[in-house]
Structure formats: C-alpha cells, structure tokens
Amino acid sequence: MIFTARPSKNFVFNLLEHRLSKITSGIALDAGSSGDKNRRLFKTDIYCGIDIELSKLKQVAQKTKDDKNIFYLWADLSYLAILPSASVDVVVSTNTLYCLPSKARKKAVKQLCRITAPEGQFFCEMVMDADFDIYKKIFHTYFELVDIFYYRNRLSRIYEKIMGDTGSTRYRVFATSFPFRLLAGVLSVFEYFTASYIHKEKYVFILCKKRKNIIKKKLFDISQLPLIESNIYSAYIQK
Ligand SMILES: C[S@@+](CC[C@H](N)C(=O)[O-])C[C@H]1O[C@@H](n2cnc3c(N)ncnc32)[C@H](O)[C@@H]1O
C-alpha cells in the first residue's frame, strides 16, 4: 500500500501498484522516470527508465550499474521512433505527459502505444484537457481494451485544498506525517466509488490492453544505440 499525503495520488499509485504486481515477466518501460522514482512498483524481469534529463538518469544509474536487468534511456518521449514497435510488456507514464506541450504530447502518446507489445499493457495518467477526445481516439486505434478511471473526486479536492495547493510546496508539513498520510489513504478509498464518473477537475488514469492488428511481439533491441555509461543508452535527438 502506498500512503502519500494526497488521497488522489494514493488512489492512482495503489491502483498502479496492484496492476503492476501481476506483471512479473518481460520488460517494463517507465516513461518520464525521473531517475527511477517508481522502480520499486515494477516486478518485471527488466526495467528501463526513460527521461529527457540525463542528469536524473546519471544520479541513479551509478547505483544500479551492476544489475544487468536495469537500464536507462536518455530520450524525449515524443521522439521514440527508433524504438521497436510492439516490443514492451508494460509501458507506464505517470506525472509526466502533462509536462509536454500539446503537439509533443500527442506524438508521445502515439509512440508509447506503438511500442507496447501485443499482449502488453499501457498505463498513463493525464489531465483531461480539450484534446482528451483526440487521445481517446489514439488509445482506441491501438488497443481493443481501454479503461478510463476518473480521479480526484470532490472529497479528495476538499481535503487537498485544506492541506494546501496541489502541486505547490505549500502543502502543509503536518499533512505528510504518518497519521495524516493514513487519513489520506482512507479518503482515497472513496475514489474507487467515483472512478467511473467525470469530476469537476478532470484527472484520468488510463489502462490500455490488447494491441489491435498486431500479433507477434518484437524484440526490444536497442543494442545499436550509443551507450553514454554502462547502463544508459542515448536515443536523444538534438532539435
Ligand atoms: C514529475 S516527474 C514524474 C516522475 C515519476 N514518473 C512520477 O510519477 O513521480 C516528470 C519527469 O518527466 C520528465 N520529462 C518531461 N518531459 C519529458 C519528455 N519530453 N521526454 C522524457 N521525459 C520527460 C522530467 O524530466 C521528469 O523527470
């Protein structure tokens, strides 16, 4: 169980943790990994963290350099054409797609869908903006099953407002103490009851499964990419 100070985040990360705990083989790609912040959630044989900030990858790569099943890729999510299609068992992007400008985000979503293996799964977290119907279309173009969970319901919003502004450093210090994280954990349970309904502030967690029109899984072979360090490959394209 994950207990952060925010009920809405608890919901997303507990849902993700639960789903990822069932995927115990193959390769996982953590898109916008910020080093390897969420690596412990992944149970696959191989973990690959992708980030546009090389310094973040370098910070963690040193610690895991002796583990052949962990590596990193320096890349921009909207420029992943070099990666093989249908090759990754689980693709996850949390807290990241919103950072990309609209055009780049569409390209990134398409690339992440494309690289997901036929029996693989793609999880991502997004803010529902005016373009959300376009993203939905993209998900449905690539996958037979698309589950959308709406989160950050009224209760979570009120609690998070009382505790400080979401995303700002003004979130109250005591809110991060264990009793309050526990309270945030309890409140997050109500997100499960409201996950089928669109809320005023529209945050979504999307789960896509079963690639359309593709049967054979391809090898995730990036051996042709230059190595920056023993476990960091570069797919970064200078613009
Ligand atoms: C807020 S962190 C999210 C970290 C982690 N996934 C989480 O859920 O907490 C966003 C990360 O995405 C990376 N990022 C932003 N734009 C990116 C892009 N176009 N391509 C790859 N990574 C990007 C940032 O460098 C940062 O490390």
# chains A, B, ... in the order shown; residues from 1 in each chain; ligands from 1
call {"tool": "residues_near_ligand", "arguments": {"ligand": "ligand 1", "cutoff": "10 Å", "atoms": "only C-alpha atoms and all ligand atoms", "output": "PyMOL selection string"}}
result
chain A and resi 9+12-13+30-39+49-57+73-80+92-101+104-105+107-108+124-125+167+236
call {"tool": "write_last_selection", "arguments": {"atoms": "C-alpha atoms", "output": "compact mmCIF listing (two decimals), in the first residue's frame"}}
result
# COMPACT_ATOMS: atom_id res chain seq x y z
CA LYS A 9 -2.30 10.21 -5.63
CA VAL A 12 -3.62 6.24 -8.69
CA PHE A 13 -0.46 4.72 -7.23
CA ASP A 30 8.91 3.82 -17.19
CA ALA A 31 8.34 6.87 -19.38
CA GLY A 32 9.42 10.05 -17.58
CA SER A 33 11.07 8.08 -14.80
CA SER A 34 12.81 11.00 -13.07
CA GLY A 35 15.71 8.64 -12.42
CA ASP A 36 13.98 5.58 -11.02
CA LYS A 37 11.46 7.15 -8.65
CA ASN A 38 8.81 4.44 -9.14
CA ARG A 39 11.09 1.48 -9.93
CA GLY A 49 13.62 4.22 -17.14
CA ILE A 50 13.37 6.91 -19.81
CA ASP A 51 13.90 10.57 -19.14
CA ILE A 52 14.80 13.70 -21.07
CA GLU A 53 17.04 14.88 -18.23
CA LEU A 54 20.28 13.00 -18.45
CA SER A 55 21.44 14.25 -15.04
CA LYS A 56 18.49 12.50 -13.35
CA LEU A 57 19.38 9.22 -15.06
CA LEU A 73 17.36 5.57 -21.89
CA TRP A 74 18.02 9.24 -22.42
CA ALA A 75 15.26 10.30 -24.78
CA ASP A 76 12.42 12.67 -25.48
CA LEU A 77 9.12 10.75 -25.27
CA SER A 78 7.88 12.44 -28.42
CA TYR A 79 10.89 11.18 -30.40
CA LEU A 80 10.89 7.43 -29.80
CA VAL A 92 3.88 3.32 -17.74
CA SER A 93 3.80 7.10 -17.70
CA THR A 94 2.79 8.88 -14.51
CA ASN A 95 3.03 12.55 -13.69
CA THR A 96 4.77 13.29 -16.96
CA LEU A 97 2.57 13.70 -20.05
CA TYR A 98 1.12 16.93 -18.71
CA CYS A 99 4.65 18.43 -18.87
CA LEU A 100 4.72 18.11 -22.66
CA PRO A 101 3.23 20.73 -24.98
CA ALA A 104 4.61 16.75 -28.41
CA ARG A 105 2.19 15.01 -26.04
CA LYS A 107 3.37 12.29 -30.54
CA ALA A 108 4.49 10.79 -27.21
CA CYS A 124 -0.82 6.50 -18.22
CA GLU A 125 -2.01 9.36 -16.16
CA GLY A 167 1.50 20.61 -6.64
CA TYR A 236 18.21 11.69 -27.62
call {"tool": "select_by_dssp", "arguments": {"residues": "stretch 28-171 of chain A", "states": "strand (DSSP E)", "output": "compact mmCIF listing (two decimals) with N, CA and C atoms, in the first residue's frame"}}
result
# COMPACT_ATOMS: atom_id res chain seq x y z
N ALA A 28 9.69 -3.71 -18.70
CA ALA A 28 8.85 -2.55 -18.37
C ALA A 28 9.57 -1.27 -18.76
N LEU A 29 8.80 -0.35 -19.27
CA LEU A 29 9.37 0.94 -19.63
C LEU A 29 8.67 2.04 -18.83
N ASP A 30 9.44 2.77 -18.06
CA ASP A 30 8.91 3.82 -17.19
C ASP A 30 9.19 5.17 -17.88
N ALA A 31 8.16 5.71 -18.51
CA ALA A 31 8.34 6.87 -19.38
C ALA A 31 8.22 8.18 -18.59
N ILE A 46 12.89 -7.03 -16.47
CA ILE A 46 13.76 -5.92 -16.88
C ILE A 46 13.04 -4.59 -16.70
N TYR A 47 13.78 -3.61 -16.21
CA TYR A 47 13.23 -2.26 -16.01
C TYR A 47 14.05 -1.28 -16.85
N CYS A 48 13.35 -0.42 -17.59
CA CYS A 48 14.04 0.64 -18.33
C CYS A 48 13.38 1.98 -18.00
N GLY A 49 14.14 2.87 -17.44
CA GLY A 49 13.62 4.22 -17.14
C GLY A 49 14.03 5.17 -18.26
N ILE A 50 13.07 5.93 -18.75
CA ILE A 50 13.37 6.91 -19.81
C ILE A 50 13.19 8.31 -19.24
N ASP A 51 14.11 9.18 -19.54
CA ASP A 51 13.90 10.57 -19.14
C ASP A 51 14.66 11.49 -20.09
N ILE A 70 18.54 -3.71 -15.22
CA ILE A 70 18.06 -2.32 -15.06
C ILE A 70 18.90 -1.43 -15.97
N PHE A 71 18.24 -0.70 -16.84
CA PHE A 71 19.00 0.27 -17.63
C PHE A 71 18.12 1.49 -17.93
N TYR A 72 18.75 2.48 -18.49
CA TYR A 72 18.07 3.77 -18.69
C TYR A 72 18.26 4.23 -20.12
N LEU A 73 17.32 5.06 -20.53
CA LEU A 73 17.36 5.57 -21.89
C LEU A 73 17.16 7.08 -21.83
N TRP A 74 18.13 7.78 -22.35
CA TRP A 74 18.02 9.24 -22.42
C TRP A 74 17.27 9.56 -23.71
N VAL A 88 7.38 -3.94 -25.88
CA VAL A 88 7.48 -3.71 -24.43
C VAL A 88 6.25 -4.27 -23.72
N ASP A 89 6.48 -5.06 -22.66
CA ASP A 89 5.37 -5.73 -21.98
C ASP A 89 4.52 -4.79 -21.15
N VAL A 90 5.17 -3.81 -20.54
CA VAL A 90 4.38 -2.83 -19.80
C VAL A 90 5.03 -1.43 -19.91
N VAL A 91 4.18 -0.51 -20.38
CA VAL A 91 4.64 0.87 -20.55
C VAL A 91 3.84 1.71 -19.55
N VAL A 92 4.56 2.51 -18.76
CA VAL A 92 3.88 3.32 -17.74
C VAL A 92 4.35 4.77 -17.86
N SER A 93 3.40 5.69 -17.79
CA SER A 93 3.80 7.10 -17.70
C SER A 93 2.92 7.81 -16.68
N THR A 116 4.10 -0.74 -27.27
CA THR A 116 3.51 -1.75 -26.37
C THR A 116 3.31 -3.07 -27.12
N ALA A 117 3.70 -4.17 -26.48
CA ALA A 117 3.62 -5.50 -27.10
C ALA A 117 2.16 -5.93 -27.28
N PRO A 118 1.90 -6.90 -28.17
CA PRO A 118 0.51 -7.31 -28.45
C PRO A 118 -0.26 -7.69 -27.18
N GLU A 119 0.39 -8.43 -26.26
CA GLU A 119 -0.29 -8.80 -25.01
C GLU A 119 0.14 -7.88 -23.87
N GLY A 120 0.76 -6.78 -24.23
CA GLY A 120 1.28 -5.86 -23.21
C GLY A 120 0.21 -4.91 -22.69
N GLN A 121 0.63 -4.07 -21.76
CA GLN A 121 -0.31 -3.10 -21.19
C GLN A 121 0.34 -1.72 -21.15
N PHE A 122 -0.49 -0.73 -21.35
CA PHE A 122 -0.01 0.65 -21.31
C PHE A 122 -0.84 1.42 -20.27
N PHE A 123 -0.16 1.96 -19.28
CA PHE A 123 -0.84 2.75 -18.24
C PHE A 123 -0.36 4.19 -18.36
N CYS A 124 -1.29 5.12 -18.32
CA CYS A 124 -0.82 6.50 -18.22
C CYS A 124 -1.80 7.36 -17.46
N GLU A 125 -1.25 8.44 -16.97
CA GLU A 125 -2.01 9.36 -16.16
C GLU A 125 -2.03 10.68 -16.92
N MET A 126 -3.19 11.28 -17.02
CA MET A 126 -3.29 12.53 -17.79
C MET A 126 -4.25 13.50 -17.13
N VAL A 127 -4.14 14.75 -17.55
CA VAL A 127 -5.15 15.74 -17.17
C VAL A 127 -6.10 15.80 -18.36
N PHE A 143 -5.54 -0.05 -29.28
CA PHE A 143 -5.91 -1.10 -28.31
C PHE A 143 -7.38 -1.47 -28.39
N GLU A 144 -7.62 -2.75 -28.08
CA GLU A 144 -9.02 -3.19 -28.04
C GLU A 144 -9.68 -2.78 -26.72
N LEU A 145 -8.92 -2.84 -25.63
CA LEU A 145 -9.49 -2.51 -24.32
C LEU A 145 -8.89 -1.23 -23.77
N VAL A 146 -9.75 -0.28 -23.50
CA VAL A 146 -9.29 1.00 -22.93
C VAL A 146 -10.16 1.30 -21.71
N ASP A 147 -9.55 1.24 -20.52
CA ASP A 147 -10.29 1.54 -19.29
C ASP A 147 -9.89 2.92 -18.79
N ILE A 148 -10.87 3.74 -18.50
CA ILE A 148 -10.56 5.09 -18.02
C ILE A 148 -11.07 5.24 -16.59
N PHE A 149 -10.19 5.64 -15.68
CA PHE A 149 -10.57 5.88 -14.29
C PHE A 149 -10.45 7.38 -14.04
N TYR A 150 -11.56 7.99 -13.67
CA TYR A 150 -11.53 9.43 -13.35
C TYR A 150 -11.20 9.54 -11.87
N TYR A 151 -10.32 10.44 -11.54
CA TYR A 151 -9.98 10.55 -10.13
C TYR A 151 -9.82 12.00 -9.70
call {"tool": "atom_distance", "arguments": {"atom1": "atom CA of A:Gln59", "atom2": "atom CA of A:Ile228"}}
result
13.2 Å
call {"tool": "select_by_dssp", "arguments": {"residues": "stretch 29-220 of chain A", "states": "alpha helix (DSSP H)", "output": "number ranges by chain"}}
result
A: 54-61, 102-115, 132-142, 154-163, 178-194
call {"tool": "residues_around", "arguments": {"residues": "A:Leu15", "least_positions_apart": "5", "cutoff": "12 Å", "atoms": "only C-alpha atoms", "output": "list of chain:residue names"}}
result
A:Met1, A:Ile2, A:Ser8, A:Lys9, A:Asn10, A:Leu20, A:Ser21, A:Lys22, A:Leu41, A:Phe123, A:Cys124, A:Glu125, A:Phe149, A:Tyr151, A:Ser188, A:Val189, A:Glu191, A:Tyr192, A:Ala195, A:Phe205, A:Ile206, A:Leu207
call {"tool": "residues_around", "arguments": {"residues": "A:Ala81", "least_positions_apart": "6", "cutoff": "10 Å", "atoms": "only C-alpha atoms", "output": "list in words"}}
result
Lys107, Ala108, Gln111, Leu112, Arg114, Ile115 and Ala235 of chain A
call {"tool": "write_last_selection", "arguments": {"atoms": "C-alpha atoms", "output": "PDB file, in the first residue's frame"}}
result
ATOM      1  CA  LYS A 107       3.373  12.286 -30.537  1.00  0.00           C
ATOM      2  CA  ALA A 108       4.493  10.795 -27.210  1.00  0.00           C
ATOM      3  CA  GLN A 111       4.871   6.335 -29.618  1.00  0.00           C
ATOM      4  CA  LEU A 112       4.116   4.772 -26.225  1.00  0.00           C
ATOM      5  CA  ARG A 114       3.154   1.772 -30.683  1.00  0.00           C
ATOM      6  CA  ILE A 115       5.921   0.201 -28.623  1.00  0.00           C
ATOM      7  CA  ALA A 235      18.124   7.963 -28.123  1.00  0.00           C
TER       8      ALA A 235
END
call {"tool": "closest_residue", "arguments": {"among": "A:Asn153, A:Thr176, A:Gln224, A:Ser230", "to": "A:Lys202", "atoms": "only C-alpha atoms"}}
result
A:Asn153
call {"tool": "residues_around", "arguments": {"residues": "A:Leu182", "least_positions_apart": "3", "cutoff": "9 Å", "atoms": "only C-alpha atoms", "output": "list in words"}}
result
Phe3, Thr4, Ala5, Ser177, Phe178, Pro179, Gly185, Val186 and Leu187 of chain A
call {"tool": "decode", "arguments": {"residues": "stretch 175-213 of chain A", "atoms": "N, CA and C atoms", "output": "mmCIF file, in the first residue's frame"}}
result
data_model
loop_
_atom_site.group_PDB
_atom_site.id
_atom_site.type_symbol
_atom_site.label_atom_id
_atom_site.label_comp_id
_atom_site.auth_asym_id
_atom_site.auth_seq_id
_atom_site.Cartn_x
_atom_site.Cartn_y
_atom_site.Cartn_z
ATOM 1 N N ALA A 175 0.687 17.460 6.986
ATOM 2 C CA ALA A 175 -0.069 16.547 6.112
ATOM 3 C C ALA A 175 0.778 15.351 5.685
ATOM 4 N N THR A 176 2.078 15.508 5.766
ATOM 5 C CA THR A 176 2.956 14.407 5.344
ATOM 6 C C THR A 176 3.322 13.482 6.521
ATOM 7 N N SER A 177 2.831 13.832 7.725
ATOM 8 C CA SER A 177 3.117 12.959 8.874
ATOM 9 C C SER A 177 2.271 11.681 8.743
ATOM 10 N N PHE A 178 2.712 10.623 9.406
ATOM 11 C CA PHE A 178 2.060 9.325 9.194
ATOM 12 C C PHE A 178 0.543 9.329 9.448
ATOM 13 N N PRO A 179 0.047 9.921 10.564
ATOM 14 C CA PRO A 179 -1.410 9.873 10.789
ATOM 15 C C PRO A 179 -2.202 10.528 9.655
ATOM 16 N N PHE A 180 -1.656 11.633 9.116
ATOM 17 C CA PHE A 180 -2.380 12.304 8.033
ATOM 18 C C PHE A 180 -2.259 11.539 6.711
ATOM 19 N N ARG A 181 -1.115 10.883 6.517
ATOM 20 C CA ARG A 181 -0.995 10.057 5.306
ATOM 21 C C ARG A 181 -1.971 8.883 5.383
ATOM 22 N N LEU A 182 -2.141 8.381 6.616
ATOM 23 C CA LEU A 182 -3.101 7.294 6.821
ATOM 24 C C LEU A 182 -4.521 7.785 6.505
ATOM 25 N N LEU A 183 -4.820 9.001 6.988
ATOM 26 C CA LEU A 183 -6.130 9.595 6.715
ATOM 27 C C LEU A 183 -6.320 9.772 5.200
ATOM 28 N N ALA A 184 -5.261 10.266 4.550
ATOM 29 C CA ALA A 184 -5.342 10.441 3.086
ATOM 30 C C ALA A 184 -5.561 9.083 2.407
ATOM 31 N N GLY A 185 -4.967 8.044 2.992
ATOM 32 C CA GLY A 185 -5.151 6.690 2.463
ATOM 33 C C GLY A 185 -6.600 6.240 2.598
ATOM 34 N N VAL A 186 -7.192 6.518 3.737
ATOM 35 C CA VAL A 186 -8.596 6.127 3.961
ATOM 36 C C VAL A 186 -9.507 6.894 2.982
ATOM 37 N N LEU A 187 -9.247 8.200 2.852
ATOM 38 C CA LEU A 187 -10.088 9.007 1.951
ATOM 39 C C LEU A 187 -9.964 8.546 0.495
ATOM 40 N N SER A 188 -8.794 8.006 0.177
ATOM 41 C CA SER A 188 -8.578 7.587 -1.218
ATOM 42 C C SER A 188 -9.487 6.417 -1.606
ATOM 43 N N VAL A 189 -9.973 5.681 -0.611
ATOM 44 C CA VAL A 189 -10.854 4.536 -0.901
ATOM 45 C C VAL A 189 -12.120 5.016 -1.627
ATOM 46 N N PHE A 190 -12.564 6.239 -1.281
ATOM 47 C CA PHE A 190 -13.784 6.761 -1.916
ATOM 48 C C PHE A 190 -13.584 7.025 -3.412
ATOM 49 N N GLU A 191 -12.320 7.174 -3.821
ATOM 50 C CA GLU A 191 -12.050 7.370 -5.257
ATOM 51 C C GLU A 191 -12.518 6.153 -6.060
ATOM 52 N N TYR A 192 -12.462 4.964 -5.435
ATOM 53 C CA TYR A 192 -12.883 3.755 -6.163
ATOM 54 C C TYR A 192 -14.372 3.812 -6.504
ATOM 55 N N PHE A 193 -15.155 4.470 -5.624
ATOM 56 C CA PHE A 193 -16.597 4.545 -5.875
ATOM 57 C C PHE A 193 -16.951 5.572 -6.948
ATOM 58 N N THR A 194 -16.063 6.525 -7.147
ATOM 59 C CA THR A 194 -16.406 7.608 -8.080
ATOM 60 C C THR A 194 -15.588 7.549 -9.375
ATOM 61 N N ALA A 195 -14.789 6.479 -9.509
ATOM 62 C CA ALA A 195 -13.846 6.416 -10.641
ATOM 63 C C ALA A 195 -14.522 6.328 -12.012
ATOM 64 N N SER A 196 -15.819 5.994 -12.034
ATOM 65 C CA SER A 196 -16.490 5.904 -13.345
ATOM 66 C C SER A 196 -17.115 7.233 -13.756
ATOM 67 N N TYR A 197 -17.055 8.207 -12.884
ATOM 68 C CA TYR A 197 -17.720 9.480 -13.177
ATOM 69 C C TYR A 197 -16.721 10.602 -13.402
ATOM 70 N N ILE A 198 -17.018 11.416 -14.381
ATOM 71 C CA ILE A 198 -16.137 12.556 -14.659
ATOM 72 C C ILE A 198 -16.320 13.582 -13.545
ATOM 73 N N HIS A 199 -15.197 14.056 -12.984
ATOM 74 C CA HIS A 199 -15.274 15.046 -11.908
ATOM 75 C C HIS A 199 -15.016 16.443 -12.450
ATOM 76 N N LYS A 200 -15.257 17.393 -11.582
ATOM 77 C CA LYS A 200 -15.071 18.788 -11.987
ATOM 78 C C LYS A 200 -13.626 19.020 -12.444
ATOM 79 N N GLU A 201 -12.703 18.591 -11.614
ATOM 80 C CA GLU A 201 -11.301 18.666 -12.045
ATOM 81 C C GLU A 201 -10.987 17.313 -12.635
ATOM 82 N N LYS A 202 -10.655 17.332 -13.892
ATOM 83 C CA LYS A 202 -10.664 16.070 -14.620
ATOM 84 C C LYS A 202 -9.288 15.439 -14.726
ATOM 85 N N TYR A 203 -9.046 14.532 -13.843
ATOM 86 C CA TYR A 203 -7.799 13.776 -13.908
ATOM 87 C C TYR A 203 -8.147 12.346 -14.277
ATOM 88 N N VAL A 204 -7.327 11.750 -15.129
ATOM 89 C CA VAL A 204 -7.653 10.390 -15.564
ATOM 90 C C VAL A 204 -6.442 9.482 -15.509
ATOM 91 N N PHE A 205 -6.753 8.244 -15.184
ATOM 92 C CA PHE A 205 -5.753 7.186 -15.222
ATOM 93 C C PHE A 205 -6.270 6.219 -16.274
ATOM 94 N N ILE A 206 -5.429 5.906 -17.231
ATOM 95 C CA ILE A 206 -5.894 5.094 -18.367
ATOM 96 C C ILE A 206 -5.119 3.791 -18.430
ATOM 97 N N LEU A 207 -5.853 2.740 -18.682
ATOM 98 C CA LEU A 207 -5.234 1.421 -18.816
ATOM 99 C C LEU A 207 -5.642 0.865 -20.175
ATOM 100 N N CYS A 208 -4.645 0.596 -21.001
ATOM 101 C CA CYS A 208 -4.912 0.052 -22.340
ATOM 102 C C CYS A 208 -4.326 -1.350 -22.452
ATOM 103 N N LYS A 209 -5.098 -2.252 -23.068
ATOM 104 C CA LYS A 209 -4.673 -3.653 -23.212
ATOM 105 C C LYS A 209 -5.052 -4.161 -24.591
ATOM 106 N N LYS A 210 -4.366 -5.205 -25.010
ATOM 107 C CA LYS A 210 -4.667 -5.940 -26.251
ATOM 108 C C LYS A 210 -4.483 -5.048 -27.476
ATOM 109 N N ARG A 211 -3.284 -5.079 -28.017
ATOM 110 C CA ARG A 211 -2.986 -4.297 -29.215
ATOM 111 C C ARG A 211 -3.836 -4.779 -30.379
ATOM 112 N N LYS A 212 -4.273 -3.830 -31.173
ATOM 113 C CA LYS A 212 -5.084 -4.187 -32.349
ATOM 114 C C LYS A 212 -4.159 -4.489 -33.522
ATOM 115 N N ASN A 213 -4.584 -5.394 -34.379
ATOM 116 C CA ASN A 213 -3.913 -5.670 -35.665
ATOM 117 C C ASN A 213 -2.437 -6.008 -35.548
#
